[in-house]
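Peer 1: Input structure: data20.cif, which contains mmCIF, C-alpha atoms and all ligand atoms.
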data_coords
#
loop_
_atom_site.label_atom_id
_atom_site.label_comp_id
_atom_site.auth_asym_id
_atom_site.auth_seq_id
_atom_site.Cartn_x
_atom_site.Cartn_y
_atom_site.Cartn_z
CA MET A 1 0.00 0.00 0.00
CA SER A 2 1.18 3.53 -0.74
CA ARG A 3 1.53 6.72 1.20
CA ILE A 4 -0.69 9.30 -0.52
CA ALA A 5 -0.76 13.05 0.13
CA PHE A 6 -4.23 14.44 -0.67
CA ILE A 7 -4.61 18.22 -0.79
CA GLY A 8 -8.02 19.87 -1.28
CA LEU A 9 -10.83 18.09 0.53
CA GLY A 10 -13.91 19.85 -0.82
CA HIS A 11 -17.07 18.44 -2.39
CA MET A 12 -15.01 16.26 -4.74
CA GLY A 13 -11.69 15.77 -2.93
CA SER A 14 -13.20 14.48 0.29
CA PRO A 15 -15.11 11.50 -1.19
CA MET A 16 -12.20 10.74 -3.56
CA ALA A 17 -9.78 10.64 -0.62
CA LEU A 18 -12.19 8.42 1.32
CA ASN A 19 -12.18 5.87 -1.51
CA LEU A 20 -8.37 5.71 -1.44
CA LEU A 21 -8.50 5.26 2.33
CA LYS A 22 -11.06 2.46 1.96
CA ALA A 23 -8.72 0.78 -0.53
CA GLY A 24 -6.17 0.50 2.28
CA HIS A 25 -3.76 3.29 1.38
CA GLU A 26 -2.08 5.45 4.00
CA LEU A 27 -3.44 8.98 3.56
CA VAL A 28 -1.91 12.25 4.72
CA VAL A 29 -4.37 15.07 4.07
CA PHE A 30 -4.37 18.86 4.05
CA ASP A 31 -7.00 21.53 3.39
CA LEU A 32 -7.20 25.19 4.40
CA VAL A 33 -10.57 24.41 6.07
CA PRO A 34 -10.12 22.45 9.33
CA ALA A 35 -13.64 20.93 9.18
CA ALA A 36 -12.81 19.35 5.81
CA VAL A 37 -9.70 17.75 7.33
CA LYS A 38 -11.62 16.43 10.34
CA ALA A 39 -14.00 14.39 8.17
CA LEU A 40 -10.96 12.52 6.81
CA THR A 41 -9.06 12.11 10.08
CA ASP A 42 -12.26 10.72 11.66
CA ALA A 43 -12.17 8.08 8.91
CA GLY A 44 -8.53 7.16 9.64
CA ALA A 45 -6.36 9.59 7.62
CA GLN A 46 -3.45 11.51 9.14
CA SER A 47 -3.53 15.29 8.93
CA ALA A 48 -0.53 17.43 7.99
CA PRO A 49 0.00 20.98 9.29
CA ASP A 50 0.56 22.29 5.75
CA ALA A 51 0.87 21.15 2.14
CA ARG A 52 4.68 20.80 2.30
CA ALA A 53 4.43 18.47 5.29
CA ALA A 54 1.71 16.45 3.51
CA VAL A 55 3.92 15.61 0.52
CA ALA A 56 7.01 14.73 2.59
CA GLY A 57 7.78 11.05 1.97
CA ALA A 58 4.66 10.55 -0.18
CA ASP A 59 4.64 8.00 -3.02
CA VAL A 60 1.78 9.91 -4.65
CA ALA A 61 0.51 13.49 -4.28
CA ILE A 62 -3.05 14.32 -5.40
CA THR A 63 -4.56 17.80 -5.57
CA MET A 64 -8.24 18.74 -6.03
CA LEU A 65 -8.48 22.54 -5.84
CA PRO A 66 -11.03 25.09 -7.12
CA ALA A 67 -9.29 26.87 -10.02
CA SER A 68 -6.07 27.70 -11.90
CA ARG A 69 -4.92 30.35 -9.46
CA HIS A 70 -5.08 27.90 -6.53
CA VAL A 71 -3.13 25.24 -8.44
CA GLU A 72 -0.45 27.64 -9.70
CA GLY A 73 -0.30 29.28 -6.26
CA LEU A 74 0.25 25.95 -4.54
CA TYR A 75 2.80 24.39 -6.91
CA LEU A 76 4.67 27.48 -8.15
CA GLY A 77 3.66 30.42 -5.93
CA ASP A 78 4.10 31.11 -2.22
CA THR A 79 3.88 27.45 -1.18
CA ASP A 80 6.35 26.48 -3.94
CA LEU A 81 5.27 22.90 -3.43
CA LEU A 82 7.24 21.51 -6.38
CA ALA A 83 10.45 22.44 -4.56
CA HIS A 84 9.32 20.16 -1.71
CA ILE A 85 8.24 17.15 -3.77
CA ALA A 86 10.76 14.34 -4.29
CA PRO A 87 11.37 13.09 -7.86
CA THR A 88 10.11 9.68 -6.67
CA THR A 89 6.65 11.16 -5.93
CA LEU A 90 4.03 10.83 -8.65
CA VAL A 91 1.81 13.95 -8.89
CA ILE A 92 -1.84 13.65 -9.98
CA GLU A 93 -3.53 17.04 -10.43
CA CYS A 94 -7.32 16.53 -10.62
CA SER A 95 -8.70 20.10 -10.50
CA THR A 96 -10.46 21.57 -13.55
CA ILE A 97 -8.17 24.41 -14.64
CA ALA A 98 -6.94 26.18 -17.77
CA ALA A 99 -4.91 23.91 -20.05
CA GLU A 100 -2.21 26.61 -20.10
CA SER A 101 -1.91 26.45 -16.29
CA ALA A 102 -1.74 22.66 -16.38
CA ARG A 103 1.06 22.82 -18.97
CA LYS A 104 2.95 25.45 -17.00
CA VAL A 105 2.92 23.42 -13.78
CA ALA A 106 3.70 20.16 -15.63
CA GLN A 107 6.66 21.82 -17.36
CA ALA A 108 8.03 23.09 -14.04
CA ALA A 109 7.57 19.60 -12.56
CA ALA A 110 9.38 17.99 -15.51
CA GLU A 111 12.30 20.41 -15.03
CA ARG A 112 12.64 19.04 -11.50
CA GLY A 113 12.40 15.43 -12.72
CA ILE A 114 8.92 14.99 -11.19
CA ARG A 115 6.30 12.89 -13.04
CA MET A 116 2.97 14.74 -13.20
CA ILE A 117 -0.34 14.24 -15.00
CA ASP A 118 -3.41 16.46 -15.30
CA ALA A 119 -6.42 14.27 -14.51
CA PRO A 120 -9.61 16.35 -14.34
CA VAL A 121 -12.77 14.40 -13.67
CA SER A 122 -16.32 14.09 -14.91
CA GLY A 123 -19.11 12.52 -12.88
CA GLY A 124 -19.80 15.05 -10.13
CA THR A 125 -20.07 14.50 -6.40
CA ALA A 126 -22.21 11.36 -6.84
CA GLY A 127 -19.51 9.81 -9.05
CA ALA A 128 -16.83 10.84 -6.56
CA ALA A 129 -18.69 9.15 -3.71
CA ALA A 130 -19.45 6.01 -5.71
CA GLY A 131 -15.90 5.75 -7.10
CA THR A 132 -17.23 5.90 -10.66
CA LEU A 133 -15.59 9.10 -11.92
CA THR A 134 -14.26 9.47 -15.45
CA PHE A 135 -10.63 10.64 -15.46
CA ILE A 136 -9.47 12.55 -18.55
CA VAL A 137 -5.70 12.47 -18.45
CA GLY A 138 -2.99 14.59 -20.02
CA GLY A 139 0.71 13.72 -19.72
CA GLU A 140 3.18 10.93 -20.43
CA ALA A 141 1.68 7.44 -20.94
CA GLU A 142 4.18 6.00 -18.46
CA ALA A 143 3.04 8.43 -15.74
CA LEU A 144 -0.60 7.54 -16.47
CA GLU A 145 0.21 3.82 -16.07
CA ALA A 146 1.87 4.56 -12.72
CA ALA A 147 -1.25 6.52 -11.67
CA ARG A 148 -3.77 3.98 -12.99
CA PRO A 149 -4.02 1.80 -9.83
CA TYR A 150 -4.93 4.90 -7.80
CA LEU A 151 -7.30 6.34 -10.38
CA GLU A 152 -9.08 2.97 -10.54
CA LYS A 153 -9.93 3.27 -6.85
CA MET A 154 -11.70 6.59 -7.52
CA GLY A 155 -13.11 6.10 -11.01
CA LYS A 156 -14.48 3.70 -13.57
CA ASN A 157 -13.32 5.19 -16.89
CA ILE A 158 -9.81 6.44 -17.57
CA PHE A 159 -8.92 8.16 -20.86
CA HIS A 160 -5.54 9.33 -22.13
CA ALA A 161 -6.31 12.55 -24.05
CA GLY A 162 -2.70 13.36 -24.99
CA SER A 163 0.26 15.32 -23.62
CA ALA A 164 0.26 17.70 -20.62
CA GLY A 165 -2.85 19.91 -20.58
CA ALA A 166 -4.76 17.64 -23.00
CA GLY A 167 -6.89 16.24 -20.16
CA GLN A 168 -8.05 19.76 -19.34
CA LEU A 169 -8.77 20.57 -22.98
CA ALA A 170 -10.85 17.43 -23.54
CA LYS A 171 -12.80 18.05 -20.33
CA ILE A 172 -13.52 21.66 -21.35
CA CYS A 173 -14.73 20.57 -24.82
CA ASN A 174 -17.11 18.11 -23.16
CA ASN A 175 -18.42 20.64 -20.68
CA MET A 176 -18.88 23.35 -23.30
CA LEU A 177 -21.05 20.90 -25.26
CA LEU A 178 -22.93 20.00 -22.07
CA GLY A 179 -23.67 23.68 -21.36
CA ILE A 180 -24.91 24.20 -24.92
CA LEU A 181 -27.08 21.08 -25.03
CA MET A 182 -28.70 21.83 -21.67
CA ALA A 183 -29.59 25.39 -22.77
CA GLY A 184 -30.87 24.02 -26.10
CA THR A 185 -32.95 21.37 -24.39
CA ALA A 186 -34.47 23.96 -22.03
CA GLU A 187 -35.25 26.18 -25.02
CA ALA A 188 -36.95 23.38 -26.97
CA LEU A 189 -39.03 22.23 -23.99
CA ALA A 190 -40.08 25.81 -23.18
CA LEU A 191 -41.11 26.37 -26.81
CA GLY A 192 -43.28 23.25 -26.76
CA VAL A 193 -44.90 24.05 -23.42
CA ALA A 194 -45.55 27.69 -24.45
CA ASN A 195 -47.51 26.23 -27.37
CA GLY A 196 -49.54 23.88 -25.20
CA LEU A 197 -47.50 20.67 -25.16
CA ASP A 198 -47.03 18.58 -22.03
CA PRO A 199 -43.34 18.68 -20.96
CA LYS A 200 -43.27 14.96 -20.09
CA VAL A 201 -44.87 13.91 -23.38
CA LEU A 202 -42.55 16.21 -25.34
CA SER A 203 -39.52 14.86 -23.45
CA ASP A 204 -40.55 11.27 -24.20
CA ILE A 205 -40.90 12.14 -27.90
CA ILE A 206 -37.50 13.89 -28.07
CA SER A 207 -35.86 11.00 -26.18
CA LYS A 208 -36.86 8.65 -28.99
CA SER A 209 -36.21 11.12 -31.83
CA SER A 210 -33.21 12.82 -33.38
CA GLY A 211 -33.01 15.60 -30.78
CA ARG A 212 -32.33 13.15 -27.97
CA ASN A 213 -29.37 13.89 -25.72
CA TRP A 214 -27.96 13.36 -22.21
CA ALA A 215 -30.35 15.98 -20.72
CA THR A 216 -33.52 14.44 -22.19
CA GLU A 217 -32.38 10.92 -21.29
CA LEU A 218 -30.95 11.41 -17.79
CA TYR A 219 -31.11 14.98 -16.55
CA ASN A 220 -34.29 16.65 -17.76
CA PRO A 221 -34.38 20.38 -16.85
CA TRP A 222 -38.19 20.52 -16.53
CA PRO A 223 -39.40 20.02 -12.92
CA GLY A 224 -41.39 16.82 -12.43
CA VAL A 225 -40.40 15.10 -15.67
CA MET A 226 -37.65 13.03 -13.99
CA GLU A 227 -38.03 12.30 -10.32
CA GLN A 228 -34.27 11.93 -9.66
CA ALA A 229 -33.12 14.97 -11.64
CA PRO A 230 -32.12 18.17 -9.76
CA ALA A 231 -35.00 19.97 -11.58
CA SER A 232 -37.46 17.92 -9.50
CA LYS A 233 -35.63 18.84 -6.27
CA GLY A 234 -35.70 22.62 -6.58
CA TYR A 235 -32.46 22.45 -8.62
CA ALA A 236 -30.55 21.52 -5.45
CA GLY A 237 -27.34 19.46 -5.65
CA GLY A 238 -25.96 18.44 -9.04
CA PHE A 239 -23.56 20.66 -10.99
CA GLY A 240 -23.77 24.33 -10.09
CA VAL A 241 -24.44 27.21 -12.52
CA ASP A 242 -21.22 28.88 -11.34
CA LEU A 243 -19.16 25.73 -12.01
CA MET A 244 -20.63 25.54 -15.52
CA LEU A 245 -19.86 29.24 -15.96
CA LYS A 246 -16.26 28.63 -14.89
CA ASP A 247 -15.87 25.79 -17.43
CA LEU A 248 -17.42 27.88 -20.24
CA GLY A 249 -14.92 30.62 -19.34
CA LEU A 250 -12.08 28.09 -19.66
CA ALA A 251 -13.48 27.06 -23.06
CA ALA A 252 -13.48 30.72 -24.13
CA GLU A 253 -9.84 31.06 -22.97
CA ALA A 254 -8.87 27.93 -24.93
CA ALA A 255 -10.64 29.33 -28.01
CA LEU A 256 -8.74 32.63 -27.72
CA HIS A 257 -5.49 30.78 -27.26
CA ALA A 258 -5.96 28.70 -30.43
CA ARG A 259 -7.85 31.39 -32.42
CA ALA A 260 -10.76 28.92 -32.64
CA SER A 261 -14.38 30.01 -33.09
CA THR A 262 -16.90 28.92 -30.46
CA PRO A 263 -20.01 31.04 -31.12
CA LEU A 264 -22.43 28.65 -29.39
CA GLY A 265 -20.06 28.19 -26.44
CA GLU A 266 -19.83 31.97 -26.05
CA LEU A 267 -23.61 32.35 -26.28
CA ALA A 268 -24.04 29.64 -23.65
CA ARG A 269 -21.45 31.36 -21.43
CA ASN A 270 -23.43 34.59 -21.64
CA LEU A 271 -26.72 32.82 -20.86
CA TYR A 272 -25.26 31.14 -17.75
CA SER A 273 -23.61 34.44 -16.78
CA LEU A 274 -26.97 36.29 -16.91
CA HIS A 275 -28.59 33.43 -15.01
CA SER A 276 -25.87 33.50 -12.33
CA ALA A 277 -26.05 37.30 -12.01
CA ALA A 278 -29.77 36.92 -11.21
CA GLY A 279 -28.76 35.00 -8.07
CA ASN A 280 -28.87 31.44 -9.41
CA GLY A 281 -25.14 30.66 -9.14
CA PRO A 282 -25.45 27.86 -6.55
CA LEU A 283 -28.40 26.13 -8.29
CA ASP A 284 -27.92 23.15 -10.59
CA PHE A 285 -27.07 24.26 -14.14
CA SER A 286 -30.30 22.75 -15.54
CA SER A 287 -32.06 25.70 -13.83
CA ILE A 288 -31.08 27.61 -17.01
CA LEU A 289 -34.65 26.64 -17.93
CA GLY A 290 -35.70 29.63 -15.78
CA LEU A 291 -34.46 31.98 -18.53
CA TYR A 292 -37.02 30.50 -20.95
CA LYS A 293 -39.95 29.37 -18.83
CA LYS A 294 -42.96 31.66 -18.76
P1 LIG A 301 -14.59 22.82 -3.41
O1 LIG A 301 -14.52 24.31 -3.42
O2 LIG A 301 -15.69 22.13 -2.71
O3 LIG A 301 -13.22 22.24 -2.79
C1 LIG A 301 -11.94 22.80 -2.99
C2 LIG A 301 -11.16 22.63 -1.71
O4 LIG A 301 -9.82 23.09 -1.91
C3 LIG A 301 -11.73 23.45 -0.54
O5 LIG A 301 -11.97 22.59 0.57
C4 LIG A 301 -10.62 24.47 -0.25
O6 LIG A 301 -10.52 24.81 1.14
C5 LIG A 301 -9.41 23.72 -0.73
N1 LIG A 301 -8.25 24.57 -1.02
C6 LIG A 301 -8.19 25.69 -1.80
N2 LIG A 301 -6.94 26.15 -1.85
C7 LIG A 301 -6.17 25.30 -1.11
C8 LIG A 301 -4.80 25.25 -0.77
N3 LIG A 301 -3.93 26.16 -1.22
N4 LIG A 301 -4.36 24.26 0.03
C9 LIG A 301 -5.22 23.33 0.50
N5 LIG A 301 -6.55 23.31 0.22
C10 LIG A 301 -7.00 24.30 -0.58
O7 LIG A 301 -14.52 22.39 -4.94
P2 LIG A 301 -14.98 20.98 -5.55
O8 LIG A 301 -16.43 21.02 -5.90
O9 LIG A 301 -14.43 19.89 -4.70
O10 LIG A 301 -14.21 21.02 -6.96
C11 LIG A 301 -12.80 20.82 -7.04
C12 LIG A 301 -12.41 20.85 -8.50
O11 LIG A 301 -13.11 19.80 -9.19
C13 LIG A 301 -12.76 22.15 -9.24
O12 LIG A 301 -11.73 22.47 -10.11
C14 LIG A 301 -14.06 21.81 -9.98
O13 LIG A 301 -14.22 22.58 -11.16
C15 LIG A 301 -13.83 20.34 -10.30
N6 LIG A 301 -15.05 19.55 -10.46
C16 LIG A 301 -16.12 19.71 -9.64
C17 LIG A 301 -17.26 18.95 -9.82
C18 LIG A 301 -18.44 19.11 -8.89
O14 LIG A 301 -19.52 18.60 -9.23
N7 LIG A 301 -18.29 19.75 -7.73
C19 LIG A 301 -17.33 18.04 -10.86
C20 LIG A 301 -16.22 17.85 -11.68
C21 LIG A 301 -15.08 18.62 -11.48
#
Produce structure tokens that represent the structure in this file.

Peer 2:
Amino acid sequence: MSRIAFIGLGHMGSPMALNLLKAGHELVVFDLVPAAVKALTDAGAQSAPDARAAVAGADVAITMLPASRHVEGLYLGDTDLLAHIAPTTLVIECSTIAAESARKVAQAAAERGIRMIDAPVSGGTAGAAAGTLTFIVGGEAEALEAARPYLEKMGKNIFHAGSAGAGQLAKICNNMLLGILMAGTAEALALGVANGLDPKVLSDIISKSSGRNWATELYNPWPGVMEQAPASKGYAGGFGVDLMLKDLGLAAEAALHARASTPLGELARNLYSLHSAAGNGPLDFSSILGLYKK
């Protein structure tokens, strides 16, 4: 069994770390929020006083932080964590951040002889708890193989998207499409209902027709159509509007970087931005229906 440093024990990091603990690994954890640490130490993990102490002697270091600035700040900024990580430690960075940031940190790690992969996830908090996340990995194939036994304890599907930063890019492409298709589904349902159709009947028709998609099949935005969907629970839980907005912002940054055109992604970003500004940031992103519903 390995000694694993786990830094960032939020909505996603905490259940992911618990799955590694359940698999029998020795966990040394750190988070800026003491309550987040306590949940893990109660379950048998050791706590470290800071991030540098957490990675000391670790076989593997995993980070799950909010955004690019936190990741760059930790590895390259004030904490300068890379200077405290041994070349024998494998680094698995799971946060969703800009591909440019992922490349920058991976490059600095490589210069120190440290193996590092970007491994953002899809599957949300339910997938993190169930150990069924999808990992979308960027980096050397050899580093991914070294990480695989650990990723398999936290997820079900593991993809190698390409070199450093590619995991982030693939994840952003997926989430941009998700944002667009959810807004489009909400728009189509609202159009039908405004013209007298029943939302459940219309959803059933679309689910068996050419407009079918992940939202109509598993995550319908109309309240009451799907009992288990956030829409039927006051849009509580699920994937927040502000998280979707963050990912659409990352897609816009990637588009600027590559001089690519993403007109629908930009439109979706503006829709979610308006929706968030109206106070809906913490609600599930399928609440975008509120922009269309009469
Ligand atoms: P979160 O805000 O719940 O957790 C982040 C944790 O990092 C917090 O506990 C915070 O205290 C800690 N932290 C921040 N800076 C730190 C530092 N310097 N040292 C130690 N700890 C630090 O966020 P989350 O929902 O767990 O998401 C984490 C990442 O996963 C994000 O990049 C998010 O986009 C991505 N993600 C989230 C979901 C989701 O459904 N929540 C799904 C897929 C991907």

Peer 1: Counting all atoms listed in the file, which of A:Glu26, A:Asp31, A:Glu217, A:Asp50 gets nearest to ligand LIG 301 (chain A)?

Peer 2: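 Among the listed residues, the smallest separation from ligand LIG 301 (chain A) belongs to A:Asp31.
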
Peer 1: Mind running chain A against ligand LIG 301 (chain A) at 6 Å and telling me each contacting residue's nearest atom pair with the distance in Å (one decimal), counting all atoms listed in the file, chain and number ascending, as JSON lines?

Peer 2:
{"residue": "A:Ile7", "atom": "CA", "partner": "A:LIG301", "partner_atom": "C9", "distance": 5.3}
{"residue": "A:Gly8", "atom": "CA", "partner": "A:LIG301", "partner_atom": "O4", "distance": 3.7}
{"residue": "A:Leu9", "atom": "CA", "partner": "A:LIG301", "partner_atom": "O5", "distance": 4.6}
{"residue": "A:Gly10", "atom": "CA", "partner": "A:LIG301", "partner_atom": "O3", "distance": 3.2}
{"residue": "A:His11", "atom": "CA", "partner": "A:LIG301", "partner_atom": "O9", "distance": 3.8}
{"residue": "A:Met12", "atom": "CA", "partner": "A:LIG301", "partner_atom": "O9", "distance": 3.7}
{"residue": "A:Gly13", "atom": "CA", "partner": "A:LIG301", "partner_atom": "O9", "distance": 5.3}
{"residue": "A:Phe30", "atom": "CA", "partner": "A:LIG301", "partner_atom": "C9", "distance": 5.8}
{"residue": "A:Asp31", "atom": "CA", "partner": "A:LIG301", "partner_atom": "N5", "distance": 3.7}
{"residue": "A:Leu32", "atom": "CA", "partner": "A:LIG301", "partner_atom": "N5", "distance": 4.6}
{"residue": "A:Val33", "atom": "CA", "partner": "A:LIG301", "partner_atom": "O6", "distance": 4.9}
{"residue": "A:Met64", "atom": "CA", "partner": "A:LIG301", "partner_atom": "C11", "distance": 5.1}
{"residue": "A:Leu65", "atom": "CA", "partner": "A:LIG301", "partner_atom": "O4", "distance": 4.2}
{"residue": "A:Pro66", "atom": "CA", "partner": "A:LIG301", "partner_atom": "C13", "distance": 4.0}
{"residue": "A:Ala67", "atom": "CA", "partner": "A:LIG301", "partner_atom": "O12", "distance": 5.0}
{"residue": "A:His70", "atom": "CA", "partner": "A:LIG301", "partner_atom": "N2", "distance": 5.3}
{"residue": "A:Leu74", "atom": "CA", "partner": "A:LIG301", "partner_atom": "N3", "distance": 5.3}
{"residue": "A:Ser95", "atom": "CA", "partner": "A:LIG301", "partner_atom": "O12", "distance": 3.9}
{"residue": "A:Thr96", "atom": "CA", "partner": "A:LIG301", "partner_atom": "O12", "distance": 3.8}
{"residue": "A:Val121", "atom": "CA", "partner": "A:LIG301", "partner_atom": "C20", "distance": 5.3}
{"residue": "A:Ser122", "atom": "CA", "partner": "A:LIG301", "partner_atom": "C20", "distance": 5.0}
{"residue": "A:Gly124", "atom": "CA", "partner": "A:LIG301", "partner_atom": "O14", "distance": 3.7}
{"residue": "A:Thr125", "atom": "CA", "partner": "A:LIG301", "partner_atom": "O14", "distance": 5.0}
{"residue": "A:Phe239", "atom": "CA", "partner": "A:LIG301", "partner_atom": "O14", "distance": 4.9}
{"residue": "A:Leu243", "atom": "CA", "partner": "A:LIG301", "partner_atom": "O13", "distance": 5.9}

Peer 1: Out of A:Ala251, A:Ala236, A:Ala110, A:Ala186, which residue has the shortest atom-to-atom distance to Ile172 in chain A when counting all atoms listed in the file?

Peer 2: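 So, comparing all the options, the nearest one is A:Ala251.
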
Peer 1: Which distance in Å separates CA of Leu218 in chain A and CA of Ala278 in chain A, to one decimal?

Peer 2: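 So the answer is 26.4 Å.
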
Peer 1: For a test of reading the model, state the distance in Å between CA of Ser261 in chain A and CA of Pro221 in chain A, rounded to one decimal.

Peer 2: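 So the two atoms, CA of Ser261 in chain A and CA of Pro221 in chain A, lie 27.5 Å apart.
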
Peer 1: What gap, in Å, lies between CA of Gly192 in chain A and CA of Val225 in chain A?

Peer 2: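 Taking CA of Gly192 in chain A as the start and CA of Val225 in chain A as the end point, the length is 14.1 Å.
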
Peer 1: Can I get the residues of range 155-210 of chain A within 6 Å of range 99-107 of chain A, each with the closest pair of atoms and their distance in Å to one decimal, using only C-alpha atoms, sorted chain first then ascending number, as a tab-separated table?

Peer 2:
residue	atom	partner	partner_atom	distance
A:Ala164	CA	A:Arg103	CA	5.4
A:Gly165	CA	A:Ala99	CA	4.5
A:Gln168	CA	A:Ala99	CA	5.3
A:Leu169	CA	A:Ala99	CA	5.9

Peer 1: Have a look at A:Leu271, A:Leu144, A:Ala108, A:Ala43 and name the one nearest to Met244 in chain A; count only C-alpha atoms.

Peer 2: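 Nearest candidate to Met244 in chain A out of A:Leu271, A:Leu144, A:Ala108, A:Ala43: A:Leu271.
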
Peer 1: Dump as JSON lines the rows for residues of range 192-247 of chain A within 12 Å of range 265-269 of chain A: closest atom pair and distance in Å with one decimal, all atoms listed in the file counted, ordered by chain and rising residue number.

Peer 2:
{"residue": "A:Val241", "atom": "CA", "partner": "A:Arg269", "partner_atom": "CA", "distance": 10.3}
{"residue": "A:Asp242", "atom": "CA", "partner": "A:Arg269", "partner_atom": "CA", "distance": 10.4}
{"residue": "A:Leu243", "atom": "CA", "partner": "A:Arg269", "partner_atom": "CA", "distance": 11.2}
{"residue": "A:Met244", "atom": "CA", "partner": "A:Arg269", "partner_atom": "CA", "distance": 8.3}
{"residue": "A:Leu245", "atom": "CA", "partner": "A:Arg269", "partner_atom": "CA", "distance": 6.1}
{"residue": "A:Lys246", "atom": "CA", "partner": "A:Arg269", "partner_atom": "CA", "distance": 8.8}
{"residue": "A:Asp247", "atom": "CA", "partner": "A:Arg269", "partner_atom": "CA", "distance": 8.8}

Peer 1: Under the rule that all atoms listed in the file are counted, which of A:Ala170, A:Ile117, A:Leu90, A:Ala183 is the nearest residue to Ala215 in chain A?

Peer 2: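 Smallest separation from Ala215 in chain A among the options: A:Ala183.
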